file structure_11.csv (CSV, C-alpha atoms)
chain,number,residue,atom,x,y,z
Y,1,MET,CA,0.0,0.0,0.0
Y,2,PRO,CA,1.5,3.4,-0.9
Y,3,ALA,CA,2.0,5.7,2.0
Y,4,ASN,CA,-0.3,8.4,0.5
Y,5,TRP,CA,-3.6,7.0,1.9
Y,6,ILE,CA,-3.5,9.9,4.3
Y,7,GLN,CA,-3.3,12.5,1.6
Y,8,GLN,CA,-6.1,10.7,-0.3
Y,9,GLY,CA,-8.4,11.5,2.7
Y,10,LEU,CA,-8.9,7.8,3.6
Y,11,TRP,CA,-8.2,8.7,7.2
Y,12,LEU,CA,-11.8,9.8,7.4
Y,13,LYS,CA,-12.8,6.1,7.2
Y,14,LEU,CA,-10.1,5.0,9.7
Y,15,ASN,CA,-11.1,2.3,12.2
Y,16,CYS,CA,-7.7,1.5,13.6
Y,17,LEU,CA,-3.9,1.2,13.1
Y,18,VAL,CA,-2.7,-2.3,13.8
Y,19,PRO,CA,1.1,-3.2,14.1
Y,20,VAL,CA,1.9,-6.3,12.0
Y,21,TYR,CA,4.9,-8.2,10.8
Y,22,GLY,CA,5.5,-9.1,7.2
Y,23,SER,CA,4.8,-12.6,6.0
Y,24,GLY,CA,7.1,-15.2,4.6
Y,25,ASP,CA,10.6,-13.9,3.9
Y,26,ASP,CA,9.4,-10.4,4.6
Y,27,ALA,CA,10.3,-9.6,8.3
Y,28,GLY,CA,9.3,-6.0,8.1
Y,29,ASN,CA,7.6,-4.1,10.9
Y,30,TYR,CA,4.5,-2.6,9.2
Y,31,THR,CA,1.0,-1.2,9.9
Y,32,GLU,CA,-2.4,-2.4,8.8
Y,33,VAL,CA,-4.8,0.5,8.2
Y,34,TRP,CA,-8.4,-0.8,8.9
Y,35,LEU,CA,-11.1,1.3,7.2
Y,36,ASP,CA,-14.8,1.3,8.2
Y,37,ASP,CA,-15.8,0.1,4.7
Y,38,GLY,CA,-14.1,-3.2,5.3
Y,39,GLN,CA,-10.8,-2.5,3.6
Y,40,ILE,CA,-7.5,-3.4,5.2
Y,41,LEU,CA,-4.5,-1.5,3.7
Y,42,LEU,CA,-0.9,-2.3,4.4
Y,43,ASP,CA,1.3,0.7,5.1
Y,44,ARG,CA,5.0,-0.3,5.1
Y,45,ARG,CA,5.9,2.0,7.9
Y,46,ARG,CA,6.0,1.4,11.7
Y,47,THR,CA,2.8,2.3,13.5
Y,48,LYS,CA,4.5,5.1,15.4
Y,49,THR,CA,5.7,6.6,12.1
Y,50,VAL,CA,2.2,6.3,10.6
Y,51,LEU,CA,0.7,8.0,13.7
Y,52,LYS,CA,3.2,10.9,13.4
Y,53,ALA,CA,2.4,11.3,9.7
Y,54,LEU,CA,-1.4,11.3,10.3
Y,55,ALA,CA,-1.1,13.8,13.2
Y,56,ALA,CA,1.1,16.1,11.1
Y,57,HIS,CA,-1.4,16.0,8.2
Y,58,LEU,CA,-4.1,17.2,10.6
Y,59,GLY,CA,-1.9,19.9,12.1
Y,60,VAL,CA,-1.7,18.4,15.6
Y,61,SER,CA,1.1,16.9,17.8
Y,62,TRP,CA,1.2,13.1,18.3
Y,63,ARG,CA,2.8,13.8,21.7
Y,64,GLN,CA,-0.1,14.9,24.0
Y,65,GLU,CA,1.0,13.9,27.5
Y,66,TYR,CA,1.1,17.5,28.6
Y,67,THR,CA,-2.0,18.9,27.0
Y,68,ALA,CA,-4.8,20.5,28.9
Y,69,TRP,CA,-6.9,17.4,28.4
Y,70,SER,CA,-4.3,14.8,29.4
Y,71,ARG,CA,-4.7,13.2,32.8
Y,72,GLU,CA,-1.6,13.2,35.1
Y,73,GLY,CA,-0.2,10.1,36.7
Y,74,ARG,CA,-0.8,7.8,33.8
Y,75,SER,CA,1.4,4.8,33.5
Y,76,HIS,CA,0.4,4.0,29.9
Y,77,LEU,CA,0.2,5.9,26.6
Y,78,ALA,CA,-2.2,8.8,26.4
Y,79,PRO,CA,-5.1,9.0,24.0
Y,80,ILE,CA,-4.4,11.2,21.0
Y,81,VAL,CA,-7.0,13.8,20.0
Y,82,LEU,CA,-6.9,14.4,16.2
Y,83,GLY,CA,-10.0,16.6,16.0
Y,84,PRO,CA,-13.2,17.7,17.7
Y,85,GLU,CA,-14.8,14.3,17.3
Y,86,MET,CA,-11.8,12.0,16.8
Y,87,VAL,CA,-9.6,10.4,19.4
Y,88,LEU,CA,-7.1,7.5,19.0
Y,89,VAL,CA,-7.1,5.1,21.9
Y,90,PRO,CA,-3.8,3.2,22.4
Y,91,LEU,CA,-4.2,-0.6,22.9
Y,92,ARG,CA,-1.9,-3.6,23.1
Y,93,LEU,CA,-2.6,-5.5,19.9
Y,94,ARG,CA,0.4,-7.8,19.6
Y,95,ARG,CA,3.3,-9.2,21.5
Y,96,PRO,CA,6.5,-7.7,19.8
Y,97,ARG,CA,9.4,-9.9,18.9
Y,98,CYS,CA,11.7,-7.5,20.7
Y,99,ARG,CA,11.0,-4.4,22.9
Y,100,ASP,CA,11.7,-1.7,20.4
Y,101,GLU,CA,9.4,-3.0,17.7
Y,102,GLY,CA,6.3,-2.1,19.7
Y,103,GLY,CA,3.0,-3.8,20.2
Y,104,THR,CA,0.7,-0.8,20.6
Y,105,GLY,CA,-2.0,0.0,18.0
Y,106,TYR,CA,-4.6,2.7,17.9
Y,107,VAL,CA,-8.3,2.5,17.6
Y,108,VAL,CA,-10.7,5.4,16.8
Y,109,GLY,CA,-12.8,5.7,19.9
Y,110,GLY,CA,-16.0,6.6,18.0
Y,111,LYS,CA,-15.7,3.5,15.8
Y,112,VAL,CA,-16.0,1.0,18.6
Y,113,LYS,CA,-19.4,-0.6,18.5
Y,114,SER,CA,-18.9,-3.1,21.3
Y,115,PHE,CA,-16.3,-5.4,22.9
Y,116,GLU,CA,-16.3,-8.8,24.5
Y,117,PRO,CA,-14.2,-11.5,26.0
Y,118,TYR,CA,-12.2,-13.5,23.5
Y,119,VAL,CA,-9.5,-16.0,24.5
Y,120,GLU,CA,-7.2,-17.2,21.8
Y,121,GLY,CA,-3.4,-17.5,22.3
Y,122,PHE,CA,-2.4,-14.2,24.0
Y,123,PHE,CA,-5.6,-12.4,23.2
Y,124,ARG,CA,-8.1,-11.7,26.0
Y,125,THR,CA,-10.8,-9.5,24.3
Y,126,ARG,CA,-11.9,-8.4,20.9
Y,127,LEU,CA,-13.5,-5.2,19.7
Y,128,ILE,CA,-16.4,-4.9,17.2
Y,129,LEU,CA,-15.7,-1.9,15.0
Y,130,ALA,CA,-17.7,0.1,12.4
Y,131,GLY,CA,-18.3,-2.1,9.3
Y,132,ASN,CA,-18.3,-5.1,11.7
Y,133,GLN,CA,-14.6,-5.5,11.7
Y,134,VAL,CA,-13.3,-7.6,14.6
Y,135,LEU,CA,-10.1,-6.6,16.3
Y,136,PRO,CA,-8.4,-9.0,18.8
Y,137,CYS,CA,-6.8,-7.3,21.8
Y,138,LEU,CA,-4.3,-8.4,24.5
Y,139,LEU,CA,-6.0,-6.4,27.3
Y,140,ASN,CA,-8.6,-7.9,29.6
Y,141,MET,CA,-12.1,-6.7,29.8
Y,142,ASP,CA,-11.7,-4.3,32.7
Y,143,THR,CA,-8.5,-2.7,31.4
Y,144,LEU,CA,-10.0,-2.3,27.9
Y,145,ALA,CA,-13.2,-0.7,29.3
Y,146,LEU,CA,-11.1,1.8,31.2
Y,147,ARG,CA,-8.9,2.7,28.2
Y,148,LEU,CA,-12.0,3.3,26.0
Y,149,LEU,CA,-13.6,5.4,28.8
Y,150,GLU,CA,-10.4,7.4,29.1
Y,151,GLY,CA,-10.5,8.1,25.4
Y,152,GLU,CA,-14.1,9.4,25.7
Y,153,ARG,CA,-13.2,11.6,28.7
Y,154,THR,CA,-10.1,12.9,27.0
Y,155,LEU,CA,-12.2,14.0,24.0
Y,156,GLN,CA,-14.7,15.6,26.2
Y,157,ARG,CA,-12.0,17.6,28.1
Y,158,ARG,CA,-10.6,18.7,24.8
Y,159,ARG,CA,-14.0,19.9,23.7
Y,160,GLU,CA,-14.5,21.9,26.9
Y,161,THR,CA,-11.0,23.4,26.6
Y,162,PHE,CA,-11.7,24.7,23.1
Y,163,CYS,CA,-15.2,25.8,24.0
Y,164,LYS,CA,-13.6,28.2,26.5
Y,165,LEU,CA,-11.1,29.3,23.9
Y,166,SER,CA,-13.9,29.9,21.4
Y,167,ALA,CA,-16.0,31.9,23.8
Y,168,ARG,CA,-12.9,34.1,24.6
Y,169,GLY,CA,-12.2,34.6,21.0
Y,170,THR,CA,-15.8,35.7,20.3
Y,171,ALA,CA,-15.6,38.3,23.0
Y,172,CYS,CA,-12.3,39.6,21.5
Y,173,ARG,CA,-13.7,39.7,18.0
Y,174,GLU,CA,-16.7,41.6,19.2
Y,175,LYS,CA,-14.6,44.2,20.9
Y,176,ASN,CA,-12.6,44.7,17.8
Y,177,SER,CA,-15.7,44.9,15.6
Y,178,CYS,CA,-16.0,48.0,13.3
Y,179,TYR,CA,-19.2,50.1,13.4
Y,180,LEU,CA,-20.2,53.1,11.3
Y,181,LEU,CA,-21.8,56.2,12.8
Y,182,VAL,CA,-24.0,58.2,10.5
Y,183,ASP,CA,-24.4,62.0,11.1
Y,184,PRO,CA,-27.5,64.0,10.1
Y,185,GLY,CA,-25.7,65.1,6.9
Y,186,GLY,CA,-25.3,61.6,5.7
Y,187,SER,CA,-21.5,61.3,6.3
Y,188,THR,CA,-20.2,58.3,8.2
Y,189,VAL,CA,-17.3,57.8,10.6
Y,190,ALA,CA,-15.8,54.5,11.7
Y,191,ALA,CA,-16.1,53.5,15.3
Y,192,GLN,CA,-14.7,50.6,17.3
Y,193,LEU,CA,-16.6,48.7,20.0
Y,194,ILE,CA,-15.0,49.3,23.4
Y,195,ASP,CA,-17.4,47.6,25.8
Y,196,ARG,CA,-21.0,46.3,26.1
Y,197,LYS,CA,-23.1,46.8,29.2
Y,198,GLY,CA,-26.5,45.2,28.8
Y,199,ASP,CA,-28.3,47.0,25.9
Y,200,VAL,CA,-25.7,49.8,25.9
Y,201,ILE,CA,-22.6,49.7,23.7
Y,202,ILE,CA,-19.6,52.0,24.1
Y,203,LEU,CA,-17.9,53.0,20.9
Y,204,ARG,CA,-14.7,54.8,20.2
Y,205,ARG,CA,-14.9,57.2,17.3
Y,206,GLU,CA,-12.2,57.1,14.7
Y,207,ASP,CA,-10.7,60.3,13.2
Y,208,LYS,CA,-11.2,59.8,9.6
Y,209,PHE,CA,-14.6,60.4,7.9
Y,210,SER,CA,-15.7,58.8,4.6
Y,211,PRO,CA,-18.7,59.5,2.4
Y,212,LEU,CA,-21.7,57.3,2.8

call {"tool": "encode", "arguments": {"input": "structure_11.csv", "output": "structure tokens"}}
result
Amino acid sequence: MPANWIQQGLWLKLNCLVPVYGSGDDAGNYTEVWLDDGQILLDRRRTKTVLKALAAHLGVSWRQEYTAWSREGRSHLAPIVLGPEMVLVPLRLRRPRCRDEGGTGYVVGGKVKSFEPYVEGFFRTRLILAGNQVLPCLLNMDTLALRLLEGERTLQRRRETFCKLSARGTACREKNSCYLLVDPGGSTVAAQLIDRKGDVIILRREDKFSPL
């Protein structure tokens, strides 16, 4: 799979990023990209590299441990918020052959329909994703439920943070709004909003006049 699936906008259909090894003589450390239409694409990059590329494409940092919406005291990887309604929840999806190859994948929180116990080899649970894709996971039921809940709460805290920022920005824009005062002769003069007190607005008159 070419690495341009992100630029093609297929990230909008993303269900999860799954770390996998190549088959046969191919011992590469790659990533499966699961889409909600049932497609599974192979990106020949490590999962962390794919994650960085996706975050960069969306203009956010993949390192979010110290954001306003990150919980302190965590002993595992933090959820990664990519947008107002999209959070990637890190989950243990494979046992790596060696430590630096990684076993963590990322599932889009909003694409998880349900999850259930599932015992096969090292797997303990499985998630049912959009499009009815089934994703085996190494975490037990309790831990999986907590990780998914943490993803939801992280996204909510991010919404609340930006809601405050948006409200602040609205007030600033209002104070910088330009008004026109019209005199009896029909000429106008620019004025800037200084303050608002109930139904009363306080304007500062500019020096330059312009014809109506």

call {"tool": "closest_residue", "arguments": {"input": "structure_11.csv", "among": "Y:Pro136, Y:Pro79, Y:Gly24, Y:Pro84", "to": "Thr161 of chain Y", "atoms": "all atoms listed in the file"}}
result
Y:Pro84

call {"tool": "residues_around", "arguments": {"input": "structure_11.csv", "residues": "segment 31-33 of chain Y", "least_positions_apart": "5", "cutoff": "10 Å", "atoms": "only C-alpha atoms", "output": "number ranges by chain"}}
result
Y: 1, 5, 10-11, 13-22, 39-51, 105-106

call {"tool": "write_last_selection", "arguments": {"input": "structure_11.csv", "atoms": "C-alpha atoms", "output": "PDB file, keeping the file's coordinate frame"}}
result
ATOM      1  CA  MET Y   1       0.000   0.000   0.000  1.00  0.00           C
ATOM      2  CA  TRP Y   5      -3.600   7.000   1.900  1.00  0.00           C
ATOM      3  CA  LEU Y  10      -8.900   7.800   3.600  1.00  0.00           C
ATOM      4  CA  TRP Y  11      -8.200   8.700   7.200  1.00  0.00           C
ATOM      5  CA  LYS Y  13     -12.800   6.100   7.200  1.00  0.00           C
ATOM      6  CA  LEU Y  14     -10.100   5.000   9.700  1.00  0.00           C
ATOM      7  CA  ASN Y  15     -11.100   2.300  12.200  1.00  0.00           C
ATOM      8  CA  CYS Y  16      -7.700   1.500  13.600  1.00  0.00           C
ATOM      9  CA  LEU Y  17      -3.900   1.200  13.100  1.00  0.00           C
ATOM     10  CA  VAL Y  18      -2.700  -2.300  13.800  1.00  0.00           C
ATOM     11  CA  PRO Y  19       1.100  -3.200  14.100  1.00  0.00           C
ATOM     12  CA  VAL Y  20       1.900  -6.300  12.000  1.00  0.00           C
ATOM     13  CA  TYR Y  21       4.900  -8.200  10.800  1.00  0.00           C
ATOM     14  CA  GLY Y  22       5.500  -9.100   7.200  1.00  0.00           C
ATOM     15  CA  GLN Y  39     -10.800  -2.500   3.600  1.00  0.00           C
ATOM     16  CA  ILE Y  40      -7.500  -3.400   5.200  1.00  0.00           C
ATOM     17  CA  LEU Y  41      -4.500  -1.500   3.700  1.00  0.00           C
ATOM     18  CA  LEU Y  42      -0.900  -2.300   4.400  1.00  0.00           C
ATOM     19  CA  ASP Y  43       1.300   0.700   5.100  1.00  0.00           C
ATOM     20  CA  ARG Y  44       5.000  -0.300   5.100  1.00  0.00           C
ATOM     21  CA  ARG Y  45       5.900   2.000   7.900  1.00  0.00           C
ATOM     22  CA  ARG Y  46       6.000   1.400  11.700  1.00  0.00           C
ATOM     23  CA  THR Y  47       2.800   2.300  13.500  1.00  0.00           C
ATOM     24  CA  LYS Y  48       4.500   5.100  15.400  1.00  0.00           C
ATOM     25  CA  THR Y  49       5.700   6.600  12.100  1.00  0.00           C
ATOM     26  CA  VAL Y  50       2.200   6.300  10.600  1.00  0.00           C
ATOM     27  CA  LEU Y  51       0.700   8.000  13.700  1.00  0.00           C
ATOM     28  CA  GLY Y 105      -2.000   0.000  18.000  1.00  0.00           C
ATOM     29  CA  TYR Y 106      -4.600   2.700  17.900  1.00  0.00           C
TER      30      TYR Y 106
END

call {"tool": "atom_distance", "arguments": {"input": "structure_11.csv", "atom1": "atom CA of Arg63 of chain Y", "atom2": "atom CA of Leu82 of chain Y"}}
result
11.2 Å

call {"tool": "residues_around", "arguments": {"input": "structure_11.csv", "residues": "segment 69-71 of chain Y", "least_positions_apart": "2", "cutoff": "9 Å", "atoms": "all atoms listed in the file", "output": "VMD selection string"}}
result
chain Y and resid 64 to 67 73 to 74 78 to 79 150 153 to 161

call {"tool": "closest_residue", "arguments": {"input": "structure_11.csv", "among": "Y:Leu77, Y:Gly110, Y:Thr143, Y:Pro117", "to": "Leu129 of chain Y", "atoms": "only C-alpha atoms"}}
result
Y:Gly110

call {"tool": "closest_residue", "arguments": {"input": "structure_11.csv", "among": "Y:Phe122, Y:Asn140, Y:Val134, Y:Leu148", "to": "Val108 of chain Y", "atoms": "all atoms listed in the file"}}
result
Y:Leu148

call {"tool": "decode", "arguments": {"input": "structure_11.csv", "residues": "segment 107-124 of chain Y", "atoms": "N, CA and C atoms", "output": "compact mmCIF listing (two decimals), in the first residue's frame"}}
result
# COMPACT_ATOMS: atom_id res chain seq x y z
N VAL Y 107 -6.98 2.61 18.09
CA VAL Y 107 -8.34 2.46 17.59
C VAL Y 107 -9.07 3.79 17.73
N VAL Y 108 -9.87 4.15 16.73
CA VAL Y 108 -10.66 5.38 16.79
C VAL Y 108 -11.81 5.13 17.76
N GLY Y 109 -11.84 5.90 18.85
CA GLY Y 109 -12.82 5.67 19.90
C GLY Y 109 -14.25 5.63 19.41
N GLY Y 110 -14.61 6.53 18.52
CA GLY Y 110 -15.99 6.61 18.03
C GLY Y 110 -16.38 5.48 17.09
N LYS Y 111 -15.41 4.65 16.68
CA LYS Y 111 -15.71 3.55 15.76
C LYS Y 111 -15.88 2.21 16.49
N VAL Y 112 -15.79 2.23 17.83
CA VAL Y 112 -15.97 0.99 18.60
C VAL Y 112 -17.45 0.79 18.89
N LYS Y 113 -18.03 -0.26 18.32
CA LYS Y 113 -19.45 -0.56 18.54
C LYS Y 113 -19.66 -1.33 19.84
N SER Y 114 -18.76 -2.27 20.13
CA SER Y 114 -18.86 -3.07 21.35
C SER Y 114 -17.54 -3.81 21.53
N PHE Y 115 -17.41 -4.50 22.66
CA PHE Y 115 -16.25 -5.37 22.90
C PHE Y 115 -16.68 -6.50 23.81
N GLU Y 116 -15.93 -7.60 23.75
CA GLU Y 116 -16.34 -8.80 24.46
C GLU Y 116 -15.13 -9.67 24.79
N PRO Y 117 -15.29 -10.60 25.74
CA PRO Y 117 -14.19 -11.53 26.04
C PRO Y 117 -13.86 -12.38 24.81
N TYR Y 118 -12.58 -12.69 24.67
CA TYR Y 118 -12.15 -13.50 23.53
C TYR Y 118 -10.79 -14.09 23.88
N VAL Y 119 -10.75 -15.38 24.09
CA VAL Y 119 -9.51 -16.04 24.51
C VAL Y 119 -8.98 -16.89 23.36
N GLU Y 120 -7.85 -16.47 22.82
CA GLU Y 120 -7.16 -17.24 21.79
C GLU Y 120 -5.69 -16.85 21.84
N GLY Y 121 -4.83 -17.77 22.20
CA GLY Y 121 -3.43 -17.45 22.35
C GLY Y 121 -3.24 -16.41 23.44
N PHE Y 122 -2.60 -15.31 23.08
CA PHE Y 122 -2.36 -14.23 24.05
C PHE Y 122 -3.53 -13.25 24.14
N PHE Y 123 -4.48 -13.35 23.23
CA PHE Y 123 -5.60 -12.40 23.21
C PHE Y 123 -6.59 -12.69 24.34
N ARG Y 124 -7.17 -11.61 24.87
CA ARG Y 124 -8.12 -11.73 25.97
C ARG Y 124 -9.49 -11.10 25.65
